[in-house]
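Undergrad: Supplied structure: run08.cif, mmCIF, C-alpha atoms, pLDDT in the B column; chains and numbers go by the auth columns.
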```
data_query
#
loop_
_atom_site.group_PDB
_atom_site.id
_atom_site.type_symbol
_atom_site.label_atom_id
_atom_site.label_comp_id
_atom_site.label_asym_id
_atom_site.label_seq_id
_atom_site.Cartn_x
_atom_site.Cartn_y
_atom_site.Cartn_z
_atom_site.B_iso_or_equiv
_atom_site.auth_seq_id
_atom_site.auth_asym_id
ATOM 1 C CA MET A 1 10.038 -2.814 -36.786 50.00 1 A
ATOM 2 C CA TYR A 2 9.960 -5.633 -34.263 50.00 2 A
ATOM 3 C CA LYS A 3 10.152 -5.119 -30.537 51.00 3 A
ATOM 4 C CA PHE A 4 12.646 -6.669 -28.160 47.00 4 A
ATOM 5 C CA ILE A 5 11.517 -7.234 -24.609 48.00 5 A
ATOM 6 C CA PHE A 6 14.330 -7.757 -22.141 42.00 6 A
ATOM 7 C CA VAL A 7 13.596 -10.843 -20.063 44.00 7 A
ATOM 8 C CA LEU A 8 15.942 -12.764 -17.849 39.00 8 A
ATOM 9 C CA LEU A 9 14.488 -16.246 -17.833 41.00 9 A
ATOM 10 C CA VAL A 10 15.138 -18.187 -14.681 37.00 10 A
ATOM 11 C CA VAL A 11 13.909 -21.647 -15.568 37.00 11 A
ATOM 12 C CA VAL A 12 14.819 -23.327 -12.299 32.00 12 A
ATOM 13 C CA GLY A 13 12.516 -22.157 -9.560 33.00 13 A
ATOM 14 C CA MET A 14 9.750 -20.524 -11.598 34.00 14 A
ATOM 15 C CA ALA A 15 6.778 -19.875 -9.356 32.00 15 A
ATOM 16 C CA THR A 16 3.855 -22.207 -10.056 34.00 16 A
ATOM 17 C CA ALA A 17 1.197 -19.511 -9.704 36.00 17 A
ATOM 18 C CA SER A 18 3.095 -17.223 -12.045 42.00 18 A
ATOM 19 C CA ASN A 19 3.428 -20.061 -14.576 47.00 19 A
ATOM 20 C CA ALA A 20 -0.288 -20.782 -14.510 48.00 20 A
ATOM 21 C CA GLN A 21 -1.149 -17.093 -15.012 46.00 21 A
ATOM 22 C CA GLU A 22 1.336 -16.714 -17.895 48.00 22 A
ATOM 23 C CA LYS A 23 0.001 -19.861 -19.570 50.00 23 A
ATOM 24 C CA GLN A 24 -3.569 -18.539 -19.242 51.00 24 A
ATOM 25 C CA ASN A 25 -2.528 -15.177 -20.760 48.00 25 A
ATOM 26 C CA MET A 26 -0.899 -16.928 -23.746 46.00 26 A
ATOM 27 C CA LYS A 27 -3.975 -19.114 -24.297 47.00 27 A
ATOM 28 C CA GLN A 28 -6.176 -16.006 -24.578 47.00 28 A
ATOM 29 C CA SER A 29 -4.257 -14.980 -27.698 50.00 29 A
ATOM 30 C CA ASP A 30 -5.360 -16.411 -31.026 64.00 30 A
ATOM 31 C CA ASN A 31 -1.786 -17.405 -31.799 76.00 31 A
ATOM 32 C CA LYS A 32 0.497 -19.638 -29.825 87.00 32 A
ATOM 33 C CA PRO A 33 3.875 -18.147 -29.098 97.00 33 A
ATOM 34 C CA LEU A 34 6.885 -19.615 -30.851 97.00 34 A
ATOM 35 C CA VAL A 35 9.791 -20.790 -28.705 98.00 35 A
ATOM 36 C CA ALA A 36 12.736 -20.776 -31.114 97.00 36 A
ATOM 37 C CA TYR A 37 16.049 -21.890 -29.682 97.00 37 A
ATOM 38 C CA PHE A 38 19.609 -22.842 -30.539 95.00 38 A
ATOM 39 C CA SER A 39 21.216 -25.390 -28.246 94.00 39 A
ATOM 40 C CA VAL A 40 24.546 -27.163 -28.331 86.00 40 A
ATOM 41 C CA THR A 41 24.773 -29.149 -25.103 88.00 41 A
ATOM 42 C CA GLY A 42 21.047 -29.500 -24.417 94.00 42 A
ATOM 43 C CA THR A 43 20.894 -26.866 -21.662 96.00 43 A
ATOM 44 C CA THR A 44 19.109 -24.260 -23.783 96.00 44 A
ATOM 45 C CA ALA A 45 16.868 -26.976 -25.267 97.00 45 A
ATOM 46 C CA ARG A 46 15.717 -27.988 -21.773 97.00 46 A
ATOM 47 C CA ALA A 47 15.021 -24.331 -20.895 97.00 47 A
ATOM 48 C CA ALA A 48 13.058 -23.919 -24.150 98.00 48 A
ATOM 49 C CA GLU A 49 11.019 -27.058 -23.459 98.00 49 A
ATOM 50 C CA LYS A 50 10.069 -25.751 -20.013 97.00 50 A
ATOM 51 C CA LEU A 51 9.173 -22.355 -21.467 97.00 51 A
ATOM 52 C CA ALA A 52 7.008 -23.996 -24.150 97.00 52 A
ATOM 53 C CA ARG A 53 5.172 -25.991 -21.472 97.00 53 A
ATOM 54 C CA VAL A 54 4.550 -22.867 -19.383 96.00 54 A
ATOM 55 C CA THR A 55 3.391 -20.687 -22.296 95.00 55 A
ATOM 56 C CA GLY A 56 1.728 -23.316 -24.477 96.00 56 A
ATOM 57 C CA GLY A 57 4.173 -22.308 -27.206 96.00 57 A
ATOM 58 C CA GLU A 58 5.396 -24.311 -30.170 96.00 58 A
ATOM 59 C CA LEU A 59 9.054 -25.415 -30.103 96.00 59 A
ATOM 60 C CA TYR A 60 11.366 -24.744 -33.029 96.00 60 A
ATOM 61 C CA ALA A 61 15.004 -25.816 -32.922 95.00 61 A
ATOM 62 C CA ILE A 62 17.413 -23.572 -34.825 94.00 62 A
ATOM 63 C CA ASN A 63 19.942 -26.074 -36.136 86.00 63 A
ATOM 64 C CA ALA A 64 23.430 -25.589 -37.519 76.00 64 A
ATOM 65 C CA ASP A 65 26.511 -27.746 -37.550 62.00 65 A
ATOM 66 C CA LEU A 66 29.375 -26.733 -35.245 66.00 66 A
ATOM 67 C CA ASP A 67 32.182 -27.705 -32.897 62.00 67 A
ATOM 68 C CA TRP A 68 32.640 -24.855 -30.449 60.00 68 A
ATOM 69 C CA ASN A 69 35.500 -26.592 -28.612 66.00 69 A
ATOM 70 C CA ASP A 70 37.866 -26.304 -31.611 69.00 70 A
ATOM 71 C CA LYS A 71 39.290 -22.761 -32.067 70.00 71 A
ATOM 72 C CA ARG A 72 39.542 -23.457 -35.816 70.00 72 A
ATOM 73 C CA SER A 73 35.959 -24.677 -36.051 69.00 73 A
ATOM 74 C CA ARG A 74 33.300 -22.852 -38.018 67.00 74 A
ATOM 75 C CA SER A 75 31.535 -21.663 -34.857 66.00 75 A
ATOM 76 C CA SER A 76 34.706 -20.232 -33.322 72.00 76 A
ATOM 77 C CA VAL A 77 35.670 -18.496 -36.567 75.00 77 A
ATOM 78 C CA GLU A 78 32.137 -17.071 -36.920 76.00 78 A
ATOM 79 C CA MET A 79 32.170 -15.571 -33.436 73.00 79 A
ATOM 80 C CA ASN A 80 35.360 -13.716 -34.379 77.00 80 A
ATOM 81 C CA ASP A 81 33.597 -12.166 -37.393 79.00 81 A
ATOM 82 C CA PRO A 82 30.597 -9.980 -36.451 79.00 82 A
ATOM 83 C CA LYS A 83 29.360 -10.048 -40.067 83.00 83 A
ATOM 84 C CA SER A 84 29.271 -13.831 -40.229 79.00 84 A
ATOM 85 C CA ARG A 85 25.841 -15.351 -40.749 80.00 85 A
ATOM 86 C CA PRO A 86 25.867 -19.163 -40.642 78.00 86 A
ATOM 87 C CA ALA A 87 23.117 -20.969 -42.511 75.00 87 A
ATOM 88 C CA ILE A 88 20.109 -22.370 -40.699 80.00 88 A
ATOM 89 C CA GLN A 89 19.508 -25.975 -41.706 74.00 89 A
ATOM 90 C CA GLU A 90 15.747 -25.455 -42.014 77.00 90 A
ATOM 91 C CA ALA A 91 14.013 -22.062 -41.800 76.00 91 A
ATOM 92 C CA LYS A 92 10.701 -21.733 -39.945 82.00 92 A
ATOM 93 C CA LYS A 93 8.120 -21.559 -42.734 83.00 93 A
ATOM 94 C CA ASN A 94 5.023 -20.250 -40.948 88.00 94 A
ATOM 95 C CA ILE A 95 6.589 -17.404 -38.919 91.00 95 A
ATOM 96 C CA ALA A 96 3.590 -15.176 -39.754 88.00 96 A
ATOM 97 C CA ASP A 97 1.450 -17.376 -37.502 92.00 97 A
ATOM 98 C CA TYR A 98 3.160 -16.045 -34.355 94.00 98 A
ATOM 99 C CA ASP A 99 2.855 -12.662 -32.639 94.00 99 A
ATOM 100 C CA VAL A 100 5.237 -13.505 -29.794 96.00 100 A
ATOM 101 C CA ILE A 101 8.560 -15.223 -30.418 96.00 101 A
ATOM 102 C CA PHE A 102 10.847 -16.331 -27.626 97.00 102 A
ATOM 103 C CA ILE A 103 14.422 -16.683 -28.896 96.00 103 A
ATOM 104 C CA GLY A 104 16.739 -18.840 -26.797 97.00 104 A
ATOM 105 C CA TYR A 105 20.467 -19.343 -27.061 95.00 105 A
ATOM 106 C CA PRO A 106 23.595 -20.046 -25.053 93.00 106 A
ATOM 107 C CA ILE A 107 25.802 -17.037 -24.320 92.00 107 A
ATOM 108 C CA TRP A 108 29.038 -17.287 -26.335 84.00 108 A
ATOM 109 C CA TRP A 109 31.795 -14.770 -25.776 80.00 109 A
ATOM 110 C CA ASN A 110 29.209 -12.545 -24.031 86.00 110 A
ATOM 111 C CA LEU A 111 26.983 -12.590 -27.147 88.00 111 A
ATOM 112 C CA ALA A 112 24.328 -14.663 -28.877 91.00 112 A
ATOM 113 C CA PRO A 113 25.747 -17.164 -31.381 90.00 113 A
ATOM 114 C CA ARG A 114 25.770 -15.777 -34.937 89.00 114 A
ATOM 115 C CA ILE A 115 23.083 -18.300 -35.941 90.00 115 A
ATOM 116 C CA ILE A 116 20.654 -16.181 -33.880 93.00 116 A
ATOM 117 C CA ASP A 117 21.515 -13.168 -36.068 91.00 117 A
ATOM 118 C CA THR A 118 20.761 -15.366 -39.092 90.00 118 A
ATOM 119 C CA PHE A 119 17.381 -16.358 -37.612 93.00 119 A
ATOM 120 C CA ILE A 120 16.397 -12.741 -36.926 93.00 120 A
ATOM 121 C CA GLU A 121 17.602 -11.421 -40.281 91.00 121 A
ATOM 122 C CA THR A 122 16.112 -14.180 -42.464 90.00 122 A
ATOM 123 C CA HIS A 123 12.592 -14.172 -41.030 91.00 123 A
ATOM 124 C CA HIS A 124 10.041 -11.402 -41.499 90.00 124 A
ATOM 125 C CA LEU A 125 9.590 -10.228 -37.892 92.00 125 A
ATOM 126 C CA ALA A 126 7.945 -6.830 -38.376 91.00 126 A
ATOM 127 C CA GLY A 127 5.219 -6.330 -35.769 92.00 127 A
ATOM 128 C CA LYS A 128 6.391 -9.312 -33.704 94.00 128 A
ATOM 129 C CA THR A 129 7.313 -9.185 -30.040 95.00 129 A
ATOM 130 C CA LEU A 130 10.699 -10.864 -29.563 94.00 130 A
ATOM 131 C CA ILE A 131 11.637 -12.101 -26.117 95.00 131 A
ATOM 132 C CA PRO A 132 15.211 -13.349 -25.803 95.00 132 A
ATOM 133 C CA PHE A 133 16.260 -15.863 -23.157 96.00 133 A
ATOM 134 C CA ALA A 134 19.688 -17.298 -22.631 95.00 134 A
ATOM 135 C CA THR A 135 21.618 -19.934 -20.751 95.00 135 A
ATOM 136 C CA SER A 136 25.106 -19.304 -19.486 92.00 136 A
ATOM 137 C CA GLY A 137 27.704 -20.564 -17.090 86.00 137 A
ATOM 138 C CA GLY A 138 28.517 -17.038 -15.978 85.00 138 A
ATOM 139 C CA SER A 139 27.749 -14.252 -18.456 81.00 139 A
ATOM 140 C CA GLY A 140 24.574 -12.188 -18.304 84.00 140 A
ATOM 141 C CA ILE A 141 22.116 -11.648 -21.156 87.00 141 A
ATOM 142 C CA THR A 142 22.451 -7.833 -21.331 87.00 142 A
ATOM 143 C CA ASN A 143 25.269 -7.548 -23.882 86.00 143 A
ATOM 144 C CA SER A 144 23.730 -10.148 -26.171 88.00 144 A
ATOM 145 C CA VAL A 145 20.332 -8.404 -26.162 86.00 145 A
ATOM 146 C CA GLY A 146 21.982 -5.060 -26.902 86.00 146 A
ATOM 147 C CA ALA A 147 23.848 -6.570 -29.857 85.00 147 A
ATOM 148 C CA LEU A 148 20.690 -8.254 -31.215 84.00 148 A
ATOM 149 C CA LYS A 149 18.718 -4.995 -31.164 83.00 149 A
#
```
Produce structure tokens that represent the structure in this file.

TA:
Amino acid sequence: MYKFIFVLLVVVGMATASNAQEKQNMKQSDNKPLVAYFSVTGTTARAAEKLARVTGGELYAINADLDWNDKRSRSSVEMNDPKSRPAIQEAKKNIADYDVIFIGYPIWWNLAPRIIDTFIETHHLAGKTLIPFATSGGSGITNSVGALK
């Protein structure tokens, strides 16, 4: 079983000393962390890039096609169906190389987008430490983390 660690990532205003210590801790591991993220507007991508710089992690973009502004779009329909699992355009092939995986996403309807469920369910994550981080205009990460567990 994989572990979820609840982390609220505040990208803006991270303390420099804390960043240096975290980066040093990650470097002591044999494996780099993976910073997997899904981004629509670029906000989550920028947060993931900063996190990768701080931790020395490798970036992996979770890509899917969508138009979240259209209520009839695939993404809107998927969020109305909890069992929906949209396809990832390209799965991460060497997931076994990572012990720590940061998973970033925008908060949609107080949840992670369904593509994040697809990522978690289609990769072998047993024994991995998963650390979710999210971007949002107003919702917190708590409900999305609970749903992902």

Undergrad: Point out the residue among A:Thr43, A:Thr122, A:Thr142, A:Thr129 with the least atom-to-atom distance to Tyr98 (chain A), counting only C-alpha atoms.

TA: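 Closest candidate: A:Thr129.
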
Undergrad: Of the candidates A:Thr118, A:Asn80, A:Gln89, A:Thr135, which shows the shortest atom-to-atom distance to Val40 (chain A), using only C-alpha atoms?

TA: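 Closest to Val40 (chain A), using only C-alpha atoms: A:Thr135.
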
Undergrad: Which distance in Å separates CA of Ala126 (chain A) and CA of Asp81 (chain A), to one decimal?

TA: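 Atom-to-atom, CA of Ala126 (chain A) to CA of Asp81 (chain A), that is 26.2 Å.
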
Undergrad: If you apply the PyMOL selection byres ((chain A and resi 143) around 12) to this file, what residues do you get, as a PyMOL selection string?

TA: chain A and resi 6+107-112+132+134+139-142+144-149

Undergrad: In Å, how far is it from CA of Gly57 (chain A) to CA of Thr41 (chain A)?

TA: 21.8 Å

Undergrad: Please indicate the distance in Å from CA of Pro113 (chain A) to CA of Met79 (chain A), rounded to one decimal place.

TA: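 We find that CA of Pro113 (chain A) and CA of Met79 (chain A) lie 6.9 Å from each other.
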